[in-house]
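Take a look at the structure below.
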Amino acid sequence: MKKIISLHHWLGTFFCALFLIWFLSGFVMMYQSFPYLGQAKRIEMLSNGVNTEILSPKTVFKNDSIGNIAQLKLSFILDRPVFHLITNQGKLFSKYADNGRDFFLTKEAALKATIKNTKITANSTIQTLTELDQWIPRTKYLRHLPIFKIKFEDKNKTLVYISSVTGELLAINTSSERFWSWLGAIPHWIYFKDIRVHNTLWKQLVTWLAALGFIMVITGIVTGLVRYKKKPKAKFKRFKNKWYNYHYYFGLFFGLFVCTWIFSGWMSMTPFNWLPSTQLNEKEVLKWQSQKHTINYYDKDNWASFLNQIKSKEFKEVNFNFFQNNAYAQVLFQNTSSLYKLGNSNFSLNLNSYQKAINSFSLENDVVETILLKKYDNYYYSRHNDKDLPIIRIKTIQNITYYINPKTTQIVYKCATENKIQRWIYHGLHSLDFSFLAWNRPLWDIVLFILLTGGTILSFSATGLGIKFLKRKNRRRVKRKEKKFQN
């Protein structure tokens with residue numbers, strides 16, 4: 001037992017200050033996360049265009065080694081149509097759709113495109129980034145380098161990042177969002193650029209800090225339970241030192257919350273790689289598509305048929321997908337979207353179409369339920385209501401659930417038993433994403449505020465005790481040295 005208490009003291013000395021930062025930043029995280037460009041806002045800022053003089057993808061990419069297509073879309077950059085194609089190997093191509101030439105954005109064009117999309121006309125300065133910075137720290141942005149960073153002198157001090165490779169807006173944030181991120185998301189997630197850009201380093205750092213912190217909390221709970229059995233010297237006074245008493249009683253009330261919170265944070269990093277992917281694997285993708293998705297399906301005839309279907313219509317973006325040997329196009333208009341089948345304006349996709357495709361994945365994983373969800377369930381949901389509805393939910397005999405977006409014909413989420421467990425361990429225990437709380441505000445705010453306050457006081461008292469512990473150890477070390485010197 002003395003070893004457990006000693007381990008708790010040493011770990012607590014080094015981790016209590018970190019816990020204090022995590023809890024304090026948690027208050028900010030309740031209302032302001034790390035700024036990112038969400039799908040709805042991105043689409044809102046896209047420019048409109050019409051289908052005049054748009055060549056087929058097969059014509060545009062005929063001289064490129066494309067292979068299989070992972071993603072293909074069409075958008076407008078400064079009123080000109082541009083194809084963006086990503087291969088299965090992750091190679092990115094962007095070409096003008098009106099003449100097939102390679103797309104590349106200059107500084108001047110980047111500023112014009114940004115002003116056109118954001119509607120911000122204030123004075124600005126533009127900088128060319130050859131490496132990621134604090135507000136685009138993730139490795140997914142590397143393929144877009146060099147990236148233009150535009151600083152506007154508007155009242156919000158807006159920063160905009162735009163890709164020179166695709167002309168797409170990558171990120172946008174204001175001075176307020178940046179300020180609260182420094183107090184919230186950045187210390188909470190350890191999202192400092194020099195650490196976050198190294199994905200493996202960042203993941204290992206967070207994983208080990210959370211794991212050691214979890215051990216510290218467990219040893220603290222054990223210590224508290226052992227101490228609880230001993231009769232107090234006076235009512236509510238188990239220690240002479242008042243800080244020990246504060247720490248002890250707050251630990252009794254909030255220790256379990258701190259334990260589950262640190263554990264859920266650790267599990268969010270999926271240690272030991274125990275969590276299966278939420279995306280289809282390569283074999284499942286091929287069965288879902290029936291054939292490999294190549295540019296051959298976008299020949300002149302099919303393309304002409306598609307353009308005729310959207311003739312004279314203004315649209316923002318077209319996303320192309322492949323399902324059961326057919327290419328489909330999701331066309332995003334000003335406030336709506338429509339699904340078209342290339343080469344055939346008359347088509348019908350029903351629940352049975354998707355069920356048959358799921359059944360083809362495995363002979364041992366038959367479908368047991370297929371329904372159209374018109375509201376979120378426990379696993380496909382968004383607290384900000386920014387995920388598409390309705391959604392098709394298909395469950396199989398092996399307890400794997402597939403969520404299919406009928407607007408795109410694509411599986412947006414594959415949820416196995418382990419993923420369901422992870423949902424409750426992470427989002428449930430860490431963010432209190434339980435339906436009776438998360439969708440009943442301000443009840444969620446009140447409960448989380450009380451728990452975070454308790455965790456903060458517990459961490460603050462531990463910080464004070466940790467400092468005293470180090471001072472006490474240092475005094476003993478000095479005395480031993482003095483005694484040794486005297487002898």
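A note on labels: chains of the structure tokens are A, B, ... as shown, every chain counts residues from 1, and ligands are counted from 1 in their shown order.
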Which polymer residues have any atom within 8 Å of an atom of Asn302 in chain A, counting only C-alpha atoms, with same-chain residues fewer than 5 positions away left out, as a list of chain:residue names?
A:Tyr297, A:Leu342, A:Gly343, A:Asn344
Keeping only all heavy atoms, write the selected residues to a file as a PDB file, in the first residue's frame.
```
ATOM      1  N   TYR A 297     -16.012   5.586 -67.413  1.00  0.00           N
ATOM      2  CA  TYR A 297     -17.465   5.724 -67.269  1.00  0.00           C
ATOM      3  C   TYR A 297     -17.939   7.143 -67.568  1.00  0.00           C
ATOM      4  O   TYR A 297     -19.141   7.401 -67.550  1.00  0.00           O
ATOM      5  CB  TYR A 297     -17.890   5.315 -65.858  1.00  0.00           C
ATOM      6  CG  TYR A 297     -17.736   3.825 -65.614  1.00  0.00           C
ATOM      7  CD1 TYR A 297     -16.558   3.324 -65.085  1.00  0.00           C
ATOM      8  CD2 TYR A 297     -18.750   2.944 -65.949  1.00  0.00           C
ATOM      9  CE1 TYR A 297     -16.399   1.958 -64.881  1.00  0.00           C
ATOM     10  CE2 TYR A 297     -18.599   1.575 -65.742  1.00  0.00           C
ATOM     11  CZ  TYR A 297     -17.417   1.094 -65.212  1.00  0.00           C
ATOM     12  OH  TYR A 297     -17.256  -0.259 -65.012  1.00  0.00           O
ATOM     13  N   LEU A 342     -25.514   9.160 -64.547  1.00  0.00           N
ATOM     14  CA  LEU A 342     -24.929   9.474 -65.838  1.00  0.00           C
ATOM     15  C   LEU A 342     -25.418   8.483 -66.893  1.00  0.00           C
ATOM     16  O   LEU A 342     -25.391   7.268 -66.674  1.00  0.00           O
ATOM     17  CB  LEU A 342     -23.403   9.445 -65.768  1.00  0.00           C
ATOM     18  CG  LEU A 342     -22.758  10.794 -65.393  1.00  0.00           C
ATOM     19  CD1 LEU A 342     -23.025  11.142 -63.946  1.00  0.00           C
ATOM     20  CD2 LEU A 342     -21.267  10.773 -65.678  1.00  0.00           C
ATOM     21  N   GLY A 343     -25.862   9.012 -68.017  1.00  0.00           N
ATOM     22  CA  GLY A 343     -26.291   8.176 -69.121  1.00  0.00           C
ATOM     23  C   GLY A 343     -27.737   7.749 -69.047  1.00  0.00           C
ATOM     24  O   GLY A 343     -28.252   7.112 -69.955  1.00  0.00           O
ATOM     25  N   ASN A 344     -28.426   8.074 -67.966  1.00  0.00           N
ATOM     26  CA  ASN A 344     -29.824   7.645 -67.834  1.00  0.00           C
ATOM     27  C   ASN A 344     -30.541   8.574 -66.866  1.00  0.00           C
ATOM     28  O   ASN A 344     -30.246   8.586 -65.678  1.00  0.00           O
ATOM     29  CB  ASN A 344     -29.895   6.197 -67.342  1.00  0.00           C
ATOM     30  CG  ASN A 344     -31.315   5.665 -67.319  1.00  0.00           C
ATOM     31  OD1 ASN A 344     -32.262   6.376 -67.654  1.00  0.00           O
ATOM     32  ND2 ASN A 344     -31.469   4.416 -66.913  1.00  0.00           N
TER      33      ASN A 344
END
```
Apply DSSP to the structure's backbone, then extract all residues of range 37-286 of chain A labelled alpha helix (DSSP H) and return them as JSON, numbers by chain.
{"A": [39, 40, 41, 42, 43, 44, 45, 57, 58, 59, 60, 107, 108, 109, 110, 111, 112, 113, 114, 115, 116, 117, 118, 175, 176, 177, 178, 179, 180, 181, 182, 183, 185, 186, 187, 188, 189, 193, 194, 195, 196, 199, 200, 201, 202, 203, 204, 205, 206, 207, 208, 209, 210, 211, 212, 213, 214, 215, 216, 217, 218, 219, 220, 221, 222, 223, 224, 225, 226, 227, 228, 229, 242, 243, 244, 245, 246, 247, 248, 249, 250, 251, 252, 253, 254, 255, 256, 257, 258, 259, 260, 261, 262, 263, 264, 265, 266, 267, 282, 283, 284, 285, 286]}
Skipping near chain neighbours, those fewer than 3 positions away, what residues fall within 12 Å of Leu170 in chain A using only C-alpha atoms, listed as an NGL selection string?
:A and (35-39 or 41-43 or 45 or 114 or 132 or 135-138 or 140-145 or 147-150 or 159-167 or 173)
Contact residues around range 175-186 of chain A with only C-alpha atoms at 9 Å, ignoring same-chain residues under 6 positions, as a PyMOL selection string
chain A and resi 22+24-30+32-35+135+155-159+192
Identify all residues of range 382-463 of chain A in strand (DSSP E or B) (DSSP on the backbone) and supply them as a list in words.
Ile391, Ile392, Arg393, Ile394, Lys395, Thr396, Thr401, Tyr402, Tyr403, Ile404, Asn405, Gln410, Ile411, Val412, Tyr413, Lys414 and Cys415 of chain A
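CA of Ile397 in chain A lies 5.5 Å from CA of Asn365 in chain A.
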Considering only C-alpha atoms, state which residue in the set A:Arg196, A:Lys287, A:Lys374, A:Lys203 is at the smallest distance from Asn273 in chain A.
A:Lys203
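Residues with any atom within 10 Å of Gly67 in chain A, counting only C-alpha atoms and excluding same-chain neighbours fewer than 2 positions away, are Asp64, Ser65, Ile69, Ala70, Thr87, Asn88, Gln89, Lys292, His293, Thr294 and Ile295 of chain A.
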Requested write-out: N, CA and C atoms of the selected residues, as a short mmCIF file (atom, residue, chain, number, x, y, z; two decimals), in the first residue's frame:
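Heads up, here's the output in out31.cif:
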```
data_model
loop_
_atom_site.label_atom_id
_atom_site.label_comp_id
_atom_site.auth_asym_id
_atom_site.auth_seq_id
_atom_site.Cartn_x
_atom_site.Cartn_y
_atom_site.Cartn_z
N ASP A 64 -3.36 11.37 -68.30
CA ASP A 64 -2.84 11.17 -66.95
C ASP A 64 -3.01 9.72 -66.52
N SER A 65 -2.10 9.27 -65.68
CA SER A 65 -2.17 7.90 -65.15
C SER A 65 -3.06 7.93 -63.91
N ILE A 69 -10.42 5.69 -59.23
CA ILE A 69 -10.80 6.99 -58.67
C ILE A 69 -11.31 6.82 -57.24
N ALA A 70 -10.75 7.59 -56.33
CA ALA A 70 -11.25 7.61 -54.95
C ALA A 70 -12.23 8.76 -54.74
N THR A 87 -6.83 9.87 -56.68
CA THR A 87 -6.76 8.44 -57.01
C THR A 87 -6.75 7.59 -55.74
N ASN A 88 -6.86 6.29 -55.91
CA ASN A 88 -6.81 5.38 -54.75
C ASN A 88 -5.46 5.43 -54.05
N GLN A 89 -4.43 5.87 -54.76
CA GLN A 89 -3.10 5.99 -54.15
C GLN A 89 -2.89 7.34 -53.48
N LYS A 292 -14.38 -1.41 -60.79
CA LYS A 292 -13.50 -0.33 -60.38
C LYS A 292 -13.98 0.99 -60.98
N HIS A 293 -13.87 2.03 -60.18
CA HIS A 293 -14.31 3.35 -60.60
C HIS A 293 -13.19 4.02 -61.40
N THR A 294 -13.37 4.13 -62.72
CA THR A 294 -12.37 4.73 -63.59
C THR A 294 -13.01 5.83 -64.43
N ILE A 295 -12.16 6.58 -65.14
CA ILE A 295 -12.67 7.68 -65.97
C ILE A 295 -13.37 7.16 -67.22
#
```
Interatomic distance, CA of Gly265 in chain A to CA of Val206 in chain A (Å, one decimal):
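CA of Val206 in chain A lies at a distance of 8.8 Å from CA of Gly265 in chain A.
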Could you jot down the CA of Ser362 in chain A to CA of Glu284 in chain A separation for me, Å, one decimal place?
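Calculated distance between CA of Ser362 in chain A and CA of Glu284 in chain A is 9.0 Å.
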At a cut-off of 12 Å, using only C-alpha atoms, what residues contact range 437-446 of chain A? Leave out same-chain residues fewer than 2 positions from it and give the result as a PyMOL selection string.
chain A and resi 26-31+376+378+381-385+427-429+431-435+448-453
From the list A:Asp133, A:Glu108, A:Asp299, A:Asp79, which residue is nearest Lys62 in chain A when using only C-alpha atoms?
A:Asp299
Do you know which residues are at most 9 Å from Gly213 in chain A counting only C-alpha atoms, after dropping those on the same chain fewer than 5 positions away, and could you put them as JSON, numbers by chain?
{"A": [11, 12, 15, 16, 19, 208, 218, 259, 262, 263]}
Which residue out of A:Phe436, A:Phe83, A:Asn319, A:Ser124 has the minimum interatomic distance to Phe103 in chain A when only C-alpha atoms are used?
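Checking each of A:Phe436, A:Phe83, A:Asn319, A:Ser124 against Phe103 in chain A, counting only C-alpha atoms, the winner is A:Phe83.
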Check which residues of range 57-153 of chain A sit at most 12 Å from range 303-308 of chain A using only C-alpha atoms, and return one row each with the closest pair of atoms and their distance in Å to one decimal, ordered by chain and rising number, as JSON lines.
```
{"residue": "A:Pro57", "atom": "CA", "partner": "A:Trp303", "partner_atom": "CA", "distance": 8.4}
{"residue": "A:Lys58", "atom": "CA", "partner": "A:Trp303", "partner_atom": "CA", "distance": 9.2}
{"residue": "A:Thr59", "atom": "CA", "partner": "A:Trp303", "partner_atom": "CA", "distance": 10.2}
```
Kindly save the residues from that selection, with N, CA, C and O atoms included, as an mmCIF file, in the first residue's frame.
```
data_model
loop_
_atom_site.group_PDB
_atom_site.id
_atom_site.type_symbol
_atom_site.label_atom_id
_atom_site.label_comp_id
_atom_site.auth_asym_id
_atom_site.auth_seq_id
_atom_site.Cartn_x
_atom_site.Cartn_y
_atom_site.Cartn_z
ATOM 1 N N PRO A 57 -14.732 14.213 -67.902
ATOM 2 C CA PRO A 57 -13.517 13.826 -67.177
ATOM 3 C C PRO A 57 -12.602 12.918 -68.003
ATOM 4 O O PRO A 57 -11.378 13.006 -67.886
ATOM 5 N N LYS A 58 -13.189 12.053 -68.817
ATOM 6 C CA LYS A 58 -12.370 11.159 -69.639
ATOM 7 C C LYS A 58 -11.516 11.949 -70.617
ATOM 8 O O LYS A 58 -10.352 11.606 -70.873
ATOM 9 N N THR A 59 -12.068 13.026 -71.163
ATOM 10 C CA THR A 59 -11.315 13.878 -72.083
ATOM 11 C C THR A 59 -10.249 14.682 -71.346
ATOM 12 O O THR A 59 -9.106 14.797 -71.801
#
```
Selected residue of minimal separation from Met269 in chain A among A:Asn99, A:Thr200, A:Asn405, A:Gln410, counting only C-alpha atoms
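Counting only C-alpha atoms, the residue closest to Met269 in chain A is A:Thr200.
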